[in-house]
Amino acid sequence: MHRIEELIERVSKLSKGRLGMRLTGGNPAVSRFMPPHEAGEGDMSFLSDPRYASTFAQSRAALLVLREKDAASVFGETLPERAILFCDDPYAFFAFASQILYPVPRTPGVSPQAWVEEGAEVDPTAEVAPFAVVRRGAKVGANVLVSSGVYIGENASVGDDTVIYPNAVLYADTVVGRGCTIQSCAVLGGDGFGFAPFRGEWVKIPQRGRTVLGDDVEIGASTTVDRGALDDTTVGDGTKIDNQIQLGHNDRIGRHCVMASCVGIAGSTVVGDHVMIGGAAMINGHIEIPSGSAIGPATAITGWGKEPQQLGGFFPALPMRDFKLAAAITARLPEMRRELKALQKEVAELRKLIRTGEA
Amino acid sequence: MHRIEELIERVSKLSKGRLGMRLTGGNPAVSRFMPPHEAGEGDMSFLSDPRYASTFAQSRAALLVLREKDAASVFGETLPERAILFCDDPYAFFAFASQILYPVPRTPGVSPQAWVEEGAEVDPTAEVAPFAVVRRGAKVGANVLVSSGVYIGENASVGDDTVIYPNAVLYADTVVGRGCTIQSCAVLGGDGFGFAPFRGEWVKIPQRGRTVLGDDVEIGASTTVDRGALDDTTVGDGTKIDNQIQLGHNDRIGRHCVMASCVGIAGSTVVGDHVMIGGAAMINGHIEIPSGSAIGPATAITGWGKEPQQLGGFFPALPMRDFKLAAAITARLPEMRRELKALQKEVAELRKLIRTGEA
Amino acid sequence: MHRIEELIERVSKLSKGRLGMRLTGGNPAVSRFMPPHEAGEGDMSFLSDPRYASTFAQSRAALLVLREKDAASVFGETLPERAILFCDDPYAFFAFASQILYPVPRTPGVSPQAWVEEGAEVDPTAEVAPFAVVRRGAKVGANVLVSSGVYIGENASVGDDTVIYPNAVLYADTVVGRGCTIQSCAVLGGDGFGFAPFRGEWVKIPQRGRTVLGDDVEIGASTTVDRGALDDTTVGDGTKIDNQIQLGHNDRIGRHCVMASCVGIAGSTVVGDHVMIGGAAMINGHIEIPSGSAIGPATAITGWGKEPQQLGGFFPALPMRDFKLAAAITARLPEMRRELKALQKEVAELRKLIRTGEA
């Protein structure tokens, strides 16, 4: 249980003071969020959508969280005598407060069954679980969780408060910022895919750049972010990357982007800030995607203009037989276009003939 | 070597008595399946396709397996004096019997090099291999194989007879049923991709649901099944999920589905029973796909009607130059359609003019 | 630092004597490659593109590497008195030499924290790191790196000089050739996706073939190569496979192919030699793709002719609204084609009418 005043203070800190909050009518103890109609003692409910105002007003929750501007439509002219938190963004409050209510547990210390190589630095407040590895030169910050089976390579570093789930791998030299979450089997800093062609064969070029993540980055399960060839592959602060995603060598991803699962980005592509990428989008290498752009799901991107845009594109799903027919015609679109152009010309001639005939 | 009567008894059990079998002409010992023309002592051959009847009849296999209705076309009027198994479904017999002939080996017991945390329950018939982890509150059933590098989180549970291959991860609270197979580097119960937008940034929402698999589920290598946000992500009995697949939070997948590799399903989508999904299909979130539906490979699904259907859709592969041309025209299809409509109108006018002229 | 003559000798060996090289003007010590304008003592610079000849000639690099045929355009009539390496293929020299300058470090020996089962054979020059597993019957060759968390199953074998990064998995019986690189969380030899249909359910068929890689193969992070059903799944010498790729059971991939990330190939497909496959291409099963073919990115391949070709195909990315319009029309292409054909017929009739009218 948390006193709501204490919770507000911690949310304020997490939000860097940017979330406006004002408590009135009490300081109850709370332990969880519940939907308004199920909530009771110790519960919080929040209102994001004013359409649900009436259910919300009748809730028996210990604390109601809503925007001040919605108060009139919820409660009418007089505020009830109960604990109410006016908050600029109730849904963001829910997210921040949930992080406090459901922290990822850590047990500080290095397990005797872990392998921390001589020359590694592990903060005493960090947990290094059994069968985790921290190689020489690596640095593990305060309050970091290095779960079982995690590998932190030579000279890699992990910022304070970061959580790394079991069996994730950080190759040598990888940099992970503060407050990041790295899901299981993510691979950071694997070799970029670089080869010199030589007599019909492919000669491996050692990849000497790093993978560098900013702060508050999330990397999904089984996602791979290759190290750069010479320069680094980078992911900016606050960017959230879902599962099964591939980022190629020398990609530079901006801040506060989101990528849904199964996205692939080939090498040397630059993605600006606040870019949203839908699931299974595939993006070619050596492209620059401006800040504020959006890419729809399952869309293949091979180029981009100078301006931010919202692009999408995939073949529509159709009943199997219709699909086969439509696909066959798609393949013959150039022919169809030629036929249309020829027909336009012919019709113009006919019109002329008719006019001449009329004349 | 197995006496065929013993094998039949075990197949009968595996198939829950649903596979009709009748042995005649002997009870030989057998150890493997071989194609009819290569088979000899100790071998079984089965006939699925009556076109191969003649080769099959001449086989020197110790046991022939076929449907009773194919006997006349294979042997003529008189059955030969040899061991014959009449079976409703010879191919299913092959599959069930192969499971008996080639079991996944286990060595019961917990390795001293594993880490089984206090408060975990491991059945004494289960194997927990070196560097495997079973956290407190977790339950590991009878005859389970927990391979090296596998992580079974707090309060997770694994049903009897399940096989978990090296380096797979079950986050805390994950439930895996009986008789499941989890391939290497599969990740079950990783955080769903849930964030609250806040001033252009993304605030992580702790994911508190679970990942729950039924019985006889297969999960492929490097496949990821996220835990639910509040409710669970579920996969029904008998569903088979190939490699490199992503299931998002709160997905509910039915029973006896198959998904080929590289499929992605965004969150909160419901898939019915007996649904077949082709490789690399991409399915949006919050969709309901009725039982008995089928989705072709590389197809992007963004919605669905009420009825089961078979949907497909991808751009046809063409010689590179033709593709570029067809794609350029695809982009201009709206223009082409307008031109076609204009032409239809114009032709109608011309026809009218001509008629008028004729009148 | 390496004397350049020694470096040349080692590059010659790596290239199997196929890279023509001739040193003139000195035998400096070098330690790295740098761009011409940044290079100085101890540095090498190479010229691939004659357009950069002038910058290159002015470089203060200790060694200049270029094609002999570019010498005149770089230096004019007289060679300067400095160390110059004439080389058939400067970029290939860069790749080979970089492998020597930046070797993957190994510390020979088996860690006391590894688990090497009785009956495994590990060459004394190989490194087996903490928490790595080598099962009975497995063979690990000379100079191999078996990193932490790597699993090498029963009777698997790993050829000399191969590097296996943390948490990769080789199931039982897997064969990896010499000089291969296996990135983290790659899974080799997992079960192929094989099931017999039985009364609406799916009965697992044990997969008894192997995964067999040739020499000099690269397997990317989180890539999965399934074992064969009965025969083997094979990857030929020198083939380079990027991250997040899926190869199905019984695929046979030729020599010196490249596959960019996120490719999926269903089972029983045969890919010839020197085939190039773009990122996120999806290839159906039971196809034969001839040597020398190329497949563009994000292309779905469902069949192939006899000849090598270059195929591509994906829906063009468009501004979101245009995409929706174009997709809707794509779905109605059969109707549009019928309309076009009808119009052609009608126009022909009109022309006939007009001609008749004229007659």
# chains A, B, ... in the order shown; residues from 1 in each chain; ligands from 1
>>> calpha_fit_and_write(fixed="chain B", moving="chain C", output="short mmCIF file (atom, residue, chain, number, x, y, z; two decimals) with C-alpha atoms, in the first residue's frame")
data_model
loop_
_atom_site.label_atom_id
_atom_site.label_comp_id
_atom_site.auth_asym_id
_atom_site.auth_seq_id
_atom_site.Cartn_x
_atom_site.Cartn_y
_atom_site.Cartn_z
CA MET C 1 13.21 -53.02 -31.26
CA HIS C 2 9.52 -53.05 -30.40
CA ARG C 3 7.05 -55.85 -30.86
CA ILE C 4 4.41 -54.41 -33.11
CA GLU C 5 1.59 -55.33 -30.71
CA GLU C 6 3.25 -53.27 -28.02
CA LEU C 7 3.77 -50.40 -30.45
CA ILE C 8 0.09 -50.51 -31.44
CA GLU C 9 -0.94 -50.37 -27.82
CA ARG C 10 1.18 -47.29 -27.24
CA VAL C 11 0.00 -45.60 -30.42
CA SER C 12 -3.55 -46.31 -29.34
CA LYS C 13 -2.90 -44.52 -26.07
CA LEU C 14 -1.20 -41.57 -27.77
CA SER C 15 -4.11 -41.20 -30.18
CA LYS C 16 -6.58 -41.49 -27.30
CA GLY C 17 -8.08 -44.57 -28.94
CA ARG C 18 -9.16 -42.64 -32.01
CA LEU C 19 -6.91 -44.37 -34.54
CA GLY C 20 -8.49 -47.59 -35.84
CA MET C 21 -5.84 -50.36 -36.12
CA ARG C 22 -6.08 -54.12 -36.80
CA LEU C 23 -3.00 -56.36 -36.96
CA THR C 24 -2.97 -59.56 -38.98
CA GLY C 25 -0.40 -62.15 -40.03
CA GLY C 26 2.23 -61.86 -37.30
CA ASN C 27 3.79 -59.79 -34.55
CA PRO C 28 7.28 -58.91 -35.78
CA ALA C 29 9.82 -56.77 -34.00
CA VAL C 30 10.36 -53.41 -35.69
CA SER C 31 12.62 -50.46 -35.08
CA ARG C 32 12.04 -47.91 -37.84
CA PHE C 33 10.13 -46.79 -40.93
CA MET C 34 11.67 -47.13 -44.35
CA PRO C 35 10.42 -46.51 -47.91
CA PRO C 36 8.91 -49.75 -49.31
CA HIS C 37 11.72 -50.44 -51.76
CA GLU C 38 14.46 -49.99 -49.14
CA ALA C 39 12.74 -51.73 -46.23
CA GLY C 40 13.76 -55.13 -44.86
CA GLU C 41 13.83 -57.00 -41.59
CA GLY C 42 12.84 -54.83 -38.63
CA ASP C 43 11.40 -52.15 -40.87
CA MET C 44 7.89 -50.78 -41.34
CA SER C 45 6.52 -49.26 -44.52
CA PHE C 46 3.23 -47.46 -44.92
CA LEU C 47 1.02 -46.68 -47.88
CA SER C 48 -0.68 -43.30 -48.00
CA ASP C 49 -1.21 -43.00 -51.73
CA PRO C 50 -2.72 -46.03 -53.55
CA ARG C 51 -0.79 -45.09 -56.70
CA TYR C 52 2.27 -46.65 -55.13
CA ALA C 53 0.46 -49.93 -54.45
CA SER C 54 2.66 -52.17 -56.60
CA THR C 55 6.01 -51.10 -55.09
CA PHE C 56 4.41 -51.39 -51.72
CA ALA C 57 3.16 -54.95 -52.23
CA GLN C 58 6.66 -56.07 -53.21
CA SER C 59 8.32 -54.53 -50.18
CA ARG C 60 10.37 -56.79 -47.92
CA ALA C 61 9.37 -54.75 -44.87
CA ALA C 62 8.62 -56.69 -41.71
CA LEU C 63 5.33 -54.81 -41.40
CA LEU C 64 3.13 -53.17 -43.99
CA VAL C 65 0.73 -50.46 -42.85
CA LEU C 66 -2.22 -49.51 -45.05
CA ARG C 67 -5.91 -48.73 -45.08
CA GLU C 68 -8.11 -51.81 -45.24
CA LYS C 69 -9.92 -50.31 -48.22
CA ASP C 70 -6.65 -50.28 -50.18
CA ALA C 71 -5.94 -53.96 -49.51
CA ALA C 72 -7.56 -55.30 -52.67
CA SER C 73 -5.71 -52.91 -54.96
CA VAL C 74 -2.43 -53.73 -53.21
CA PHE C 75 -2.67 -57.49 -52.72
CA GLY C 76 -5.44 -58.61 -55.05
CA GLU C 77 -7.96 -61.10 -53.74
CA THR C 78 -5.81 -62.98 -51.24
CA LEU C 79 -3.89 -61.43 -48.41
CA PRO C 80 -0.26 -62.61 -48.34
CA GLU C 81 0.96 -64.46 -45.27
CA ARG C 82 2.86 -61.68 -43.66
CA ALA C 83 2.38 -59.05 -40.96
CA ILE C 84 -0.04 -56.38 -42.08
CA LEU C 85 -1.49 -53.53 -40.06
CA PHE C 86 -4.77 -52.18 -41.31
CA CYS C 87 -5.03 -48.66 -40.10
CA ASP C 88 -7.50 -45.83 -40.75
CA ASP C 89 -4.73 -43.35 -41.26
CA PRO C 90 -1.28 -44.78 -42.07
CA TYR C 91 0.40 -41.37 -42.06
CA ALA C 92 -0.92 -40.59 -38.58
CA PHE C 93 0.30 -44.04 -37.48
CA PHE C 94 3.73 -43.15 -38.83
CA ALA C 95 3.69 -39.92 -36.81
CA PHE C 96 2.50 -41.47 -33.56
CA ALA C 97 4.77 -44.51 -33.84
CA SER C 98 7.76 -42.32 -34.66
CA GLN C 99 7.20 -40.48 -31.41
CA ILE C 100 7.59 -43.80 -29.62
CA LEU C 101 10.56 -44.95 -31.68
CA TYR C 102 12.43 -41.65 -31.30
CA PRO C 103 11.61 -40.26 -27.88
CA VAL C 104 13.34 -37.14 -26.62
CA PRO C 105 15.80 -38.54 -24.07
CA ARG C 106 15.66 -37.39 -20.44
CA THR C 107 17.88 -38.11 -17.45
CA PRO C 108 15.69 -37.58 -14.38
CA GLY C 109 17.04 -35.33 -11.68
CA VAL C 110 18.32 -31.87 -11.01
CA SER C 111 21.90 -31.21 -12.05
CA PRO C 112 24.12 -29.87 -9.26
CA GLN C 113 25.09 -27.19 -11.81
CA ALA C 114 21.46 -26.03 -12.23
CA TRP C 115 19.92 -23.34 -10.06
CA VAL C 116 16.63 -24.42 -8.56
CA GLU C 117 15.63 -21.70 -6.16
CA GLU C 118 14.16 -22.52 -2.79
CA GLY C 119 10.41 -22.71 -3.07
CA ALA C 120 10.39 -24.23 -6.56
CA GLU C 121 8.76 -27.63 -7.05
CA VAL C 122 10.42 -30.01 -9.48
CA ASP C 123 8.96 -33.47 -10.03
CA PRO C 124 11.63 -36.13 -9.36
CA THR C 125 11.11 -37.61 -12.84
CA ALA C 126 11.92 -34.27 -14.51
CA GLU C 127 15.40 -33.40 -15.79
CA VAL C 128 16.85 -30.02 -14.96
CA ALA C 129 20.13 -29.71 -16.85
CA PRO C 130 23.25 -27.71 -15.97
CA PHE C 131 22.82 -23.91 -16.08
CA ALA C 132 19.02 -24.21 -16.16
CA VAL C 133 17.13 -22.00 -13.73
CA VAL C 134 13.88 -22.71 -11.90
CA ARG C 135 12.79 -19.81 -9.72
CA ARG C 136 10.80 -19.84 -6.48
CA GLY C 137 7.15 -20.73 -6.78
CA ALA C 138 7.67 -22.40 -10.16
CA LYS C 139 6.38 -25.92 -10.76
CA VAL C 140 7.95 -28.42 -13.12
CA GLY C 141 5.82 -31.52 -13.83
CA ALA C 142 6.62 -35.19 -14.34
CA ASN C 143 8.96 -36.21 -17.10
CA VAL C 144 9.62 -32.61 -18.13
CA LEU C 145 12.94 -31.77 -19.80
CA VAL C 146 14.38 -28.44 -18.72
CA SER C 147 17.47 -28.16 -20.91
CA SER C 148 20.61 -26.18 -20.26
CA GLY C 149 20.23 -22.42 -20.23
CA VAL C 150 16.45 -22.58 -19.89
CA TYR C 151 14.93 -20.03 -17.50
CA ILE C 152 11.69 -20.76 -15.69
CA GLY C 153 10.61 -17.66 -13.83
CA GLU C 154 8.87 -17.14 -10.49
CA ASN C 155 5.53 -18.95 -10.22
CA ALA C 156 5.69 -20.27 -13.77
CA SER C 157 4.46 -23.80 -14.31
CA VAL C 158 5.28 -26.50 -16.82
CA GLY C 159 2.95 -29.47 -17.35
CA ASP C 160 3.95 -33.14 -17.47
CA ASP C 161 5.92 -34.49 -20.42
CA THR C 162 6.79 -31.09 -21.81
CA VAL C 163 10.18 -30.64 -23.50
CA ILE C 164 11.98 -27.30 -23.30
CA TYR C 165 15.06 -26.98 -25.47
CA PRO C 166 18.19 -25.02 -24.53
CA ASN C 167 18.04 -21.27 -23.83
CA ALA C 168 14.26 -20.89 -24.02
CA VAL C 169 12.85 -18.41 -21.51
CA LEU C 170 9.64 -18.53 -19.50
CA TYR C 171 9.12 -15.25 -17.68
CA ALA C 172 7.48 -15.20 -14.25
CA ASP C 173 3.91 -16.56 -14.08
CA THR C 174 4.00 -18.23 -17.50
CA VAL C 175 1.89 -21.38 -17.77
CA VAL C 176 2.86 -24.15 -20.18
CA GLY C 177 0.53 -27.16 -20.45
CA ARG C 178 1.27 -30.88 -20.75
CA GLY C 179 3.05 -32.49 -23.64
CA CYS C 180 4.26 -29.20 -25.11
CA THR C 181 7.47 -28.67 -27.05
CA ILE C 182 9.28 -25.36 -26.64
CA GLN C 183 12.18 -24.89 -29.04
CA SER C 184 15.38 -23.01 -28.26
CA CYS C 185 15.41 -19.26 -27.66
CA ALA C 186 11.62 -19.10 -27.61
CA VAL C 187 10.54 -16.38 -25.21
CA LEU C 188 7.24 -16.80 -23.39
CA GLY C 189 5.81 -14.07 -21.23
CA GLY C 190 8.02 -11.15 -22.20
CA ASP C 191 6.48 -7.74 -21.70
CA GLY C 192 3.73 -6.75 -24.09
CA PHE C 193 4.41 -3.56 -26.01
CA GLY C 194 2.32 -1.13 -24.01
CA PHE C 195 3.08 2.55 -23.49
CA ALA C 196 1.10 5.63 -22.61
CA PRO C 197 1.84 8.63 -24.82
CA PHE C 198 2.93 11.60 -22.74
CA ARG C 199 4.19 14.84 -24.22
CA GLY C 200 5.60 13.15 -27.28
CA GLU C 201 7.24 10.44 -25.19
CA TRP C 202 6.22 6.89 -24.32
CA VAL C 203 5.67 5.81 -20.72
CA LYS C 204 5.97 2.07 -20.12
CA ILE C 205 2.89 0.37 -18.70
CA PRO C 206 3.88 -2.65 -16.63
CA GLN C 207 2.43 -5.77 -18.22
CA ARG C 208 0.66 -7.78 -15.56
CA GLY C 209 -1.12 -10.54 -17.46
CA ARG C 210 0.44 -13.89 -18.22
CA THR C 211 1.26 -16.10 -21.18
CA VAL C 212 -0.76 -19.31 -20.91
CA LEU C 213 -0.29 -22.26 -23.26
CA GLY C 214 -2.65 -25.25 -23.36
CA ASP C 215 -1.59 -28.88 -23.82
CA ASP C 216 0.28 -30.28 -26.82
CA VAL C 217 1.33 -26.86 -28.00
CA GLU C 218 4.53 -26.43 -30.02
CA ILE C 219 6.45 -23.16 -29.92
CA GLY C 220 9.19 -22.71 -32.50
CA ALA C 221 12.73 -21.47 -32.08
CA SER C 222 13.09 -17.71 -31.52
CA THR C 223 9.32 -17.32 -31.33
CA THR C 224 8.02 -14.76 -28.85
CA VAL C 225 4.66 -14.81 -27.08
CA ASP C 226 4.18 -11.70 -24.97
CA ARG C 227 2.38 -11.69 -21.64
CA GLY C 228 -0.93 -9.85 -21.46
CA ALA C 229 -1.32 -6.29 -20.24
CA LEU C 230 -3.93 -7.20 -17.61
CA ASP C 231 -5.61 -10.33 -18.97
CA ASP C 232 -3.63 -13.24 -20.34
CA THR C 233 -2.24 -14.04 -23.75
CA THR C 234 -3.43 -17.58 -24.51
CA VAL C 235 -2.68 -20.36 -26.97
CA GLY C 236 -5.15 -23.27 -27.13
CA ASP C 237 -4.54 -27.01 -26.96
CA GLY C 238 -2.80 -28.62 -29.88
CA THR C 239 -1.82 -25.43 -31.64
CA LYS C 240 1.52 -25.57 -33.48
CA ILE C 241 3.54 -22.40 -33.88
CA ASP C 242 6.66 -22.39 -36.02
CA ASN C 243 9.88 -20.39 -35.67
CA GLN C 244 10.37 -16.59 -35.64
CA ILE C 245 6.74 -15.84 -34.81
CA GLN C 246 5.51 -12.94 -32.70
CA LEU C 247 2.26 -13.01 -30.75
CA GLY C 248 1.34 -9.73 -29.11
CA HIS C 249 -0.16 -9.07 -25.70
CA ASN C 250 -3.70 -10.29 -25.09
CA ASP C 251 -3.84 -12.36 -28.26
CA ARG C 252 -6.08 -15.34 -27.83
CA ILE C 253 -5.23 -18.17 -30.18
CA GLY C 254 -7.60 -21.12 -30.42
CA ARG C 255 -7.07 -24.87 -30.50
CA HIS C 256 -5.37 -26.93 -33.21
CA CYS C 257 -4.21 -23.99 -35.26
CA VAL C 258 -1.02 -24.02 -37.31
CA MET C 259 1.14 -21.00 -38.04
CA ALA C 260 4.09 -21.30 -40.40
CA SER C 261 7.26 -19.37 -39.68
CA CYS C 262 7.71 -15.58 -39.51
CA VAL C 263 4.06 -14.79 -38.77
CA GLY C 264 3.36 -11.70 -36.66
CA ILE C 265 0.11 -11.04 -34.83
CA ALA C 266 -0.31 -7.66 -33.13
CA GLY C 267 -2.02 -7.41 -29.75
CA SER C 268 -5.59 -8.25 -28.69
CA THR C 269 -6.40 -10.34 -31.75
CA VAL C 270 -8.58 -13.41 -31.35
CA VAL C 271 -7.92 -16.41 -33.58
CA GLY C 272 -10.48 -19.24 -33.52
CA ASP C 273 -9.87 -22.98 -33.66
CA HIS C 274 -8.37 -24.89 -36.60
CA VAL C 275 -7.10 -21.72 -38.24
CA MET C 276 -4.18 -22.12 -40.66
CA ILE C 277 -1.80 -19.21 -41.16
CA GLY C 278 0.83 -19.20 -43.88
CA GLY C 279 4.41 -18.09 -43.41
CA ALA C 280 5.15 -14.39 -42.94
CA ALA C 281 1.48 -13.43 -42.74
CA MET C 282 1.06 -10.24 -40.74
CA ILE C 283 -2.11 -9.74 -38.75
CA ASN C 284 -3.20 -6.51 -37.19
CA GLY C 285 -4.37 -6.12 -33.60
CA HIS C 286 -7.95 -6.16 -32.29
CA ILE C 287 -9.22 -8.47 -35.04
CA GLU C 288 -11.35 -11.57 -34.63
CA ILE C 289 -10.62 -14.41 -37.04
CA PRO C 290 -13.30 -17.11 -37.00
CA SER C 291 -12.58 -20.80 -36.53
CA GLY C 292 -11.77 -22.65 -39.72
CA SER C 293 -10.30 -19.65 -41.50
CA ALA C 294 -7.11 -19.78 -43.52
CA ILE C 295 -4.59 -17.06 -44.33
CA GLY C 296 -2.13 -17.40 -47.17
CA PRO C 297 1.59 -16.68 -46.90
CA ALA C 298 2.94 -13.12 -46.81
CA THR C 299 -0.57 -11.73 -46.46
CA ALA C 300 -1.37 -8.62 -44.41
CA ILE C 301 -4.66 -8.89 -42.56
CA THR C 302 -6.21 -5.69 -41.27
CA GLY C 303 -9.78 -6.79 -40.72
CA TRP C 304 -12.17 -9.70 -41.09
CA GLY C 305 -15.86 -10.31 -41.54
CA LYS C 306 -18.01 -12.61 -39.45
CA GLU C 307 -17.49 -15.74 -41.53
CA PRO C 308 -14.51 -18.06 -41.90
CA GLN C 309 -12.77 -17.50 -45.21
CA GLN C 310 -9.51 -18.15 -46.99
CA LEU C 311 -7.67 -14.91 -47.60
CA GLY C 312 -4.43 -14.23 -49.42
CA GLY C 313 -2.63 -11.29 -50.92
CA PHE C 314 0.85 -10.24 -51.90
CA PHE C 315 2.33 -8.39 -54.81
CA PRO C 316 3.42 -10.87 -57.50
CA ALA C 317 7.14 -11.44 -57.97
CA LEU C 318 8.22 -10.27 -61.40
CA PRO C 319 11.41 -9.76 -63.35
CA MET C 320 12.95 -6.71 -61.68
CA ARG C 321 12.20 -4.28 -64.50
CA ASP C 322 8.62 -5.46 -64.94
CA PHE C 323 8.12 -5.17 -61.21
CA LYS C 324 9.25 -1.57 -61.17
CA LEU C 325 6.91 -0.74 -64.03
CA ALA C 326 3.97 -2.58 -62.49
CA ALA C 327 4.59 -0.94 -59.11
CA ALA C 328 4.72 2.51 -60.68
CA ILE C 329 1.39 1.86 -62.36
CA THR C 330 -0.06 0.44 -59.15
CA ALA C 331 0.75 3.75 -57.51
CA ARG C 332 -1.22 5.48 -60.29
CA LEU C 333 -4.19 3.13 -60.30
CA PRO C 334 -6.58 5.82 -59.04
CA GLU C 335 -5.63 7.98 -62.01
CA MET C 336 -5.98 5.02 -64.37
CA ARG C 337 -9.40 4.26 -62.97
CA ARG C 338 -10.49 7.84 -63.50
CA GLU C 339 -9.27 7.67 -67.08
CA LEU C 340 -11.18 4.46 -67.66
CA LYS C 341 -14.37 5.96 -66.24
CA ALA C 342 -13.93 9.08 -68.40
CA LEU C 343 -13.42 6.92 -71.44
CA GLN C 344 -16.55 4.91 -70.69
CA LYS C 345 -18.50 8.15 -70.53
CA GLU C 346 -16.98 9.43 -73.72
CA VAL C 347 -17.68 6.22 -75.62
CA ALA C 348 -21.31 6.35 -74.44
CA GLU C 349 -21.53 9.88 -75.79
CA LEU C 350 -20.00 8.84 -79.10
CA ARG C 351 -22.48 5.99 -79.39
CA LYS C 352 -25.26 8.45 -78.74
CA LEU C 353 -23.87 10.83 -81.36
CA ILE C 354 -23.64 8.03 -83.90
CA ARG C 355 -27.17 6.88 -83.15
CA THR C 356 -28.38 10.44 -83.48
CA GLY C 357 -26.46 10.72 -86.72
CA GLU C 358 -28.11 7.54 -87.94
CA ALA C 359 -31.56 8.68 -86.94
#
>>> select_by_dssp(residues="stretch 134-326 of chain B", states="strand (DSSP E or B)", output="PyMOL selection string")
chain B and resi 134+139-140+145-146+151-152+157-158+163-164+169-170+175-176+181-182+187-188+195-198+201-204+211-213+218-219+224-225+233-235+240-241+246-247+252-253+258-259+264-265+270-271+276-277+282-283+288-289+294-295+300-301+310-312+318-319
>>> select_by_dssp(residues="stretch 71-308 of chain A", states="helix (DSSP H, G or I)", output="ChimeraX atom specification")
/A:71-75,90-101
>>> write_last_selection(atoms="C-alpha atoms", output="JSON list (two decimals), in the first residue's frame")
[["chain", "number", "residue", "atom", "x", "y", "z"],
["A", 71, "ALA", "CA", -14.86, 17.52, -13.09],
["A", 72, "ALA", "CA", -18.09, 19.35, -13.86],
["A", 73, "SER", "CA", -19.39, 16.70, -16.24],
["A", 74, "VAL", "CA", -18.48, 13.96, -13.75],
["A", 75, "PHE", "CA", -19.56, 15.45, -10.45],
["A", 90, "PRO", "CA", -4.83, 10.41, -16.20],
["A", 91, "TYR", "CA", -3.56, 7.68, -18.55],
["A", 92, "ALA", "CA", 0.04, 8.83, -18.14],
["A", 93, "PHE", "CA", -0.54, 8.88, -14.36],
["A", 94, "PHE", "CA", -1.74, 5.29, -14.62],
["A", 95, "ALA", "CA", 1.44, 4.33, -16.49],
["A", 96, "PHE", "CA", 3.85, 6.14, -14.15],
["A", 97, "ALA", "CA", 2.09, 5.00, -10.98],
["A", 98, "SER", "CA", 1.95, 1.42, -12.23],
["A", 99, "GLN", "CA", 5.72, 1.46, -12.57],
["A", 100, "ILE", "CA", 5.89, 2.30, -8.88],
["A", 101, "LEU", "CA", 3.24, -0.22, -7.84]]
